[in-house]
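Structure file final.txt; described as compact mmCIF, N, CA and C atoms.
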# COMPACT_ATOMS: atom_id res chain seq x y z
N MET A 6 7.33 -6.46 -13.30
CA MET A 6 6.86 -5.37 -12.48
C MET A 6 6.35 -4.25 -13.39
N VAL A 7 5.16 -3.81 -13.17
CA VAL A 7 4.56 -2.74 -13.96
C VAL A 7 4.84 -1.41 -13.27
N LEU A 8 5.39 -0.47 -14.02
CA LEU A 8 5.66 0.85 -13.47
C LEU A 8 4.44 1.74 -13.63
N THR A 9 4.20 2.56 -12.63
CA THR A 9 3.06 3.47 -12.73
C THR A 9 3.43 4.65 -13.62
N ARG A 10 2.45 5.28 -14.15
CA ARG A 10 2.67 6.43 -15.02
C ARG A 10 3.34 7.57 -14.26
N ASP A 11 2.97 7.79 -13.01
CA ASP A 11 3.57 8.86 -12.22
C ASP A 11 5.08 8.67 -12.09
N PHE A 12 5.52 7.45 -11.89
CA PHE A 12 6.95 7.18 -11.77
C PHE A 12 7.66 7.50 -13.08
N ARG A 13 7.09 7.07 -14.19
CA ARG A 13 7.69 7.36 -15.50
C ARG A 13 7.78 8.86 -15.74
N GLU A 14 6.71 9.57 -15.41
CA GLU A 14 6.72 11.02 -15.59
C GLU A 14 7.79 11.67 -14.73
N THR A 15 7.98 11.16 -13.52
CA THR A 15 9.02 11.69 -12.64
C THR A 15 10.40 11.46 -13.21
N VAL A 16 10.65 10.25 -13.69
CA VAL A 16 11.95 9.93 -14.29
C VAL A 16 12.20 10.81 -15.51
N GLN A 17 11.21 10.95 -16.37
CA GLN A 17 11.37 11.75 -17.57
C GLN A 17 11.59 13.22 -17.24
N ALA A 18 10.91 13.72 -16.22
CA ALA A 18 11.10 15.12 -15.81
C ALA A 18 12.51 15.33 -15.26
N ASP A 19 13.00 14.38 -14.46
CA ASP A 19 14.36 14.48 -13.94
C ASP A 19 15.37 14.43 -15.08
N ALA A 20 15.14 13.55 -16.03
CA ALA A 20 16.05 13.42 -17.17
C ALA A 20 16.06 14.69 -18.02
N LYS A 21 14.92 15.31 -18.13
CA LYS A 21 14.82 16.53 -18.92
C LYS A 21 15.62 17.67 -18.28
N ARG A 22 15.60 17.75 -16.96
CA ARG A 22 16.27 18.83 -16.23
C ARG A 22 17.75 18.60 -16.00
N ASN A 23 18.17 17.36 -15.86
CA ASN A 23 19.50 17.07 -15.35
C ASN A 23 20.31 16.23 -16.35
N PRO A 24 21.31 16.82 -16.99
CA PRO A 24 22.10 16.06 -17.97
C PRO A 24 22.89 14.90 -17.36
N ILE A 25 23.30 15.04 -16.11
CA ILE A 25 24.03 13.95 -15.44
C ILE A 25 23.09 12.76 -15.21
N PHE A 26 21.85 13.05 -14.84
CA PHE A 26 20.85 11.99 -14.67
C PHE A 26 20.60 11.28 -16.00
N ARG A 27 20.49 12.07 -17.10
CA ARG A 27 20.28 11.48 -18.43
C ARG A 27 21.42 10.54 -18.79
N ARG A 28 22.63 10.98 -18.56
CA ARG A 28 23.80 10.15 -18.88
C ARG A 28 23.77 8.86 -18.07
N GLY A 29 23.43 8.97 -16.79
CA GLY A 29 23.32 7.78 -15.94
C GLY A 29 22.21 6.84 -16.39
N LEU A 30 21.10 7.43 -16.82
CA LEU A 30 19.98 6.63 -17.31
C LEU A 30 20.38 5.84 -18.55
N LEU A 31 21.08 6.49 -19.47
CA LEU A 31 21.54 5.81 -20.68
C LEU A 31 22.55 4.72 -20.32
N SER A 32 23.47 5.04 -19.44
CA SER A 32 24.48 4.06 -19.02
C SER A 32 23.84 2.83 -18.37
N ASP A 33 22.90 3.07 -17.47
CA ASP A 33 22.22 1.95 -16.80
C ASP A 33 21.37 1.14 -17.78
N ALA A 34 20.76 1.82 -18.75
CA ALA A 34 19.96 1.11 -19.76
C ALA A 34 20.85 0.18 -20.57
N LEU A 35 22.00 0.67 -20.99
CA LEU A 35 22.91 -0.17 -21.78
C LEU A 35 23.46 -1.32 -20.96
N LYS A 36 23.80 -1.07 -19.70
CA LYS A 36 24.28 -2.14 -18.82
C LYS A 36 23.21 -3.22 -18.65
N SER A 37 21.97 -2.80 -18.49
CA SER A 37 20.87 -3.76 -18.33
C SER A 37 20.71 -4.61 -19.58
N LEU A 38 20.75 -3.96 -20.74
CA LEU A 38 20.62 -4.70 -22.00
C LEU A 38 21.75 -5.70 -22.18
N LEU A 39 22.97 -5.27 -21.88
CA LEU A 39 24.13 -6.15 -22.06
C LEU A 39 24.17 -7.30 -21.06
N SER A 40 23.54 -7.10 -19.89
CA SER A 40 23.54 -8.17 -18.89
C SER A 40 22.34 -9.10 -19.04
N GLY A 41 21.52 -8.87 -20.06
CA GLY A 41 20.41 -9.77 -20.32
C GLY A 41 19.07 -9.32 -19.76
N GLU A 42 19.04 -8.18 -19.09
CA GLU A 42 17.78 -7.65 -18.56
C GLU A 42 17.14 -6.77 -19.63
N VAL A 43 16.63 -7.41 -20.65
CA VAL A 43 16.17 -6.70 -21.85
C VAL A 43 14.96 -5.81 -21.56
N THR A 44 13.99 -6.31 -20.84
CA THR A 44 12.78 -5.52 -20.57
C THR A 44 13.12 -4.25 -19.80
N LEU A 45 13.90 -4.37 -18.74
CA LEU A 45 14.29 -3.21 -17.95
C LEU A 45 15.12 -2.24 -18.79
N GLY A 46 16.07 -2.77 -19.55
CA GLY A 46 16.91 -1.93 -20.40
C GLY A 46 16.11 -1.17 -21.43
N LYS A 47 15.12 -1.83 -22.03
CA LYS A 47 14.28 -1.16 -23.03
C LYS A 47 13.43 -0.06 -22.41
N GLU A 48 12.92 -0.31 -21.20
CA GLU A 48 12.12 0.72 -20.52
C GLU A 48 12.97 1.94 -20.19
N MET A 49 14.18 1.70 -19.72
CA MET A 49 15.07 2.81 -19.38
C MET A 49 15.50 3.56 -20.64
N LEU A 50 15.76 2.83 -21.69
CA LEU A 50 16.13 3.46 -22.95
C LEU A 50 14.98 4.29 -23.50
N ARG A 51 13.77 3.81 -23.35
CA ARG A 51 12.59 4.55 -23.78
C ARG A 51 12.49 5.88 -23.03
N ASP A 52 12.69 5.84 -21.71
CA ASP A 52 12.64 7.07 -20.92
C ASP A 52 13.73 8.05 -21.35
N TYR A 53 14.90 7.53 -21.65
CA TYR A 53 16.00 8.38 -22.11
C TYR A 53 15.64 9.04 -23.44
N ILE A 54 15.12 8.27 -24.37
CA ILE A 54 14.77 8.81 -25.70
C ILE A 54 13.67 9.86 -25.58
N ILE A 55 12.67 9.60 -24.77
CA ILE A 55 11.59 10.57 -24.59
C ILE A 55 12.13 11.87 -24.00
N SER A 56 13.03 11.77 -23.04
CA SER A 56 13.58 12.99 -22.44
C SER A 56 14.41 13.77 -23.46
N ARG A 57 15.10 13.07 -24.35
CA ARG A 57 15.88 13.76 -25.40
C ARG A 57 14.96 14.41 -26.42
N LYS A 58 13.86 13.77 -26.75
CA LYS A 58 12.90 14.37 -27.69
C LYS A 58 12.33 15.66 -27.13
N GLN A 59 12.10 15.69 -25.83
CA GLN A 59 11.54 16.88 -25.20
C GLN A 59 12.54 18.02 -25.19
N LEU A 60 13.83 17.72 -25.21
CA LEU A 60 14.84 18.77 -25.22
C LEU A 60 15.01 19.40 -26.59
N ARG A 61 14.90 18.61 -27.64
CA ARG A 61 15.13 19.09 -29.00
C ARG A 61 14.00 18.65 -29.93
N PRO A 62 12.81 19.16 -29.73
CA PRO A 62 11.68 18.69 -30.55
C PRO A 62 11.81 19.04 -32.03
N ASN A 63 12.41 20.15 -32.37
CA ASN A 63 12.49 20.55 -33.78
C ASN A 63 13.49 19.72 -34.57
N ARG A 64 14.55 19.28 -33.94
CA ARG A 64 15.56 18.48 -34.64
C ARG A 64 15.07 17.09 -35.00
N LEU A 65 14.14 16.56 -34.23
CA LEU A 65 13.72 15.17 -34.43
C LEU A 65 12.45 15.05 -35.27
N LYS A 66 11.94 16.14 -35.80
CA LYS A 66 10.71 16.08 -36.59
C LYS A 66 10.96 15.77 -38.05
N ASN A 67 12.18 15.67 -38.48
CA ASN A 67 12.49 15.43 -39.90
C ASN A 67 11.91 14.18 -40.39
How would this structure read if it were set down as structure tokens?
Amino acid sequence: MVLTRDFRETVQADAKRNPIFRRGLLSDALKSLLSGEVTLGKEMLRDYIISRKQLRPNRLKN
């Protein structure tokens, strides 16, 4: 299933604003990876990482 860009932007915006959502996103990504749903887990992990980069851009530029 191909996700649209608008959906990804929505998820990333929610993750940027809401720490509980970010934690849930990371938890679900890890559960997906461990249960063998690698593609879904990687996509969720990507969204989590992007939202974290947006929160602390100066720390990750090293």
12 Å contact set for Thr44 in chain A, only C-alpha atoms, chain neighbours under 3 positions out, as a PDB file with N, CA and C atoms, in the frame of the given file:
ATOM      1  N   MET A   6       7.330  -6.460 -13.300  1.00  0.00           N
ATOM      2  CA  MET A   6       6.860  -5.370 -12.480  1.00  0.00           C
ATOM      3  C   MET A   6       6.350  -4.250 -13.390  1.00  0.00           C
ATOM      4  N   VAL A   7       5.160  -3.810 -13.170  1.00  0.00           N
ATOM      5  CA  VAL A   7       4.560  -2.740 -13.960  1.00  0.00           C
ATOM      6  C   VAL A   7       4.840  -1.410 -13.270  1.00  0.00           C
ATOM      7  N   LEU A   8       5.390  -0.470 -14.020  1.00  0.00           N
ATOM      8  CA  LEU A   8       5.660   0.850 -13.470  1.00  0.00           C
ATOM      9  C   LEU A   8       4.440   1.740 -13.630  1.00  0.00           C
ATOM     10  N   ALA A  34      20.760   1.820 -18.750  1.00  0.00           N
ATOM     11  CA  ALA A  34      19.960   1.110 -19.760  1.00  0.00           C
ATOM     12  C   ALA A  34      20.850   0.180 -20.570  1.00  0.00           C
ATOM     13  N   LEU A  35      22.000   0.670 -20.990  1.00  0.00           N
ATOM     14  CA  LEU A  35      22.910  -0.170 -21.780  1.00  0.00           C
ATOM     15  C   LEU A  35      23.460  -1.320 -20.960  1.00  0.00           C
ATOM     16  N   SER A  37      21.970  -2.800 -18.490  1.00  0.00           N
ATOM     17  CA  SER A  37      20.870  -3.760 -18.330  1.00  0.00           C
ATOM     18  C   SER A  37      20.710  -4.610 -19.580  1.00  0.00           C
ATOM     19  N   LEU A  38      20.750  -3.960 -20.740  1.00  0.00           N
ATOM     20  CA  LEU A  38      20.620  -4.700 -22.000  1.00  0.00           C
ATOM     21  C   LEU A  38      21.750  -5.700 -22.180  1.00  0.00           C
ATOM     22  N   LEU A  39      22.970  -5.270 -21.880  1.00  0.00           N
ATOM     23  CA  LEU A  39      24.130  -6.150 -22.060  1.00  0.00           C
ATOM     24  C   LEU A  39      24.170  -7.300 -21.060  1.00  0.00           C
ATOM     25  N   SER A  40      23.540  -7.100 -19.890  1.00  0.00           N
ATOM     26  CA  SER A  40      23.540  -8.170 -18.890  1.00  0.00           C
ATOM     27  C   SER A  40      22.340  -9.100 -19.040  1.00  0.00           C
ATOM     28  N   GLY A  41      21.520  -8.870 -20.060  1.00  0.00           N
ATOM     29  CA  GLY A  41      20.410  -9.770 -20.320  1.00  0.00           C
ATOM     30  C   GLY A  41      19.070  -9.320 -19.760  1.00  0.00           C
ATOM     31  N   LYS A  47      15.120  -1.830 -22.030  1.00  0.00           N
ATOM     32  CA  LYS A  47      14.280  -1.160 -23.030  1.00  0.00           C
ATOM     33  C   LYS A  47      13.430  -0.060 -22.410  1.00  0.00           C
ATOM     34  N   GLU A  48      12.920  -0.310 -21.200  1.00  0.00           N
ATOM     35  CA  GLU A  48      12.120   0.720 -20.520  1.00  0.00           C
ATOM     36  C   GLU A  48      12.970   1.940 -20.190  1.00  0.00           C
ATOM     37  N   MET A  49      14.180   1.700 -19.720  1.00  0.00           N
ATOM     38  CA  MET A  49      15.070   2.810 -19.380  1.00  0.00           C
ATOM     39  C   MET A  49      15.500   3.560 -20.640  1.00  0.00           C
ATOM     40  N   LEU A  50      15.760   2.830 -21.690  1.00  0.00           N
ATOM     41  CA  LEU A  50      16.130   3.460 -22.950  1.00  0.00           C
ATOM     42  C   LEU A  50      14.980   4.290 -23.500  1.00  0.00           C
ATOM     43  N   ARG A  51      13.770   3.810 -23.350  1.00  0.00           N
ATOM     44  CA  ARG A  51      12.590   4.550 -23.780  1.00  0.00           C
ATOM     45  C   ARG A  51      12.490   5.880 -23.030  1.00  0.00           C
TER      46      ARG A  51
END
Practice prompt. Enter the distance from CA of Lys21 in chain A to CA of Arg57 in chain A, in Å, rounded to one decimal.
Written response: 7.1 Å
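Here CA of Gly46 in chain A stands at a distance of 9.6 Å from CA of Leu30 in chain A.
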Item to complete: Please measure the separation of CA of Arg28 in chain A and atom N of Tyr53 in chain A, giving the value in Å to one decimal.
Response: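 The value is 9.7 Å.
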Let me know the centre plus edge lengths, in Å and rounded to one decimal, of a box with edges along x, y and z that contains all listed atoms of range 19-23 of chain A and is padded by 8 Å on every side, as AutoDock Vina command-line options.
--center_x 16.7 --center_y 16.1 --center_z -16.4 --size_x 23.3 --size_y 21.4 --size_z 21.0
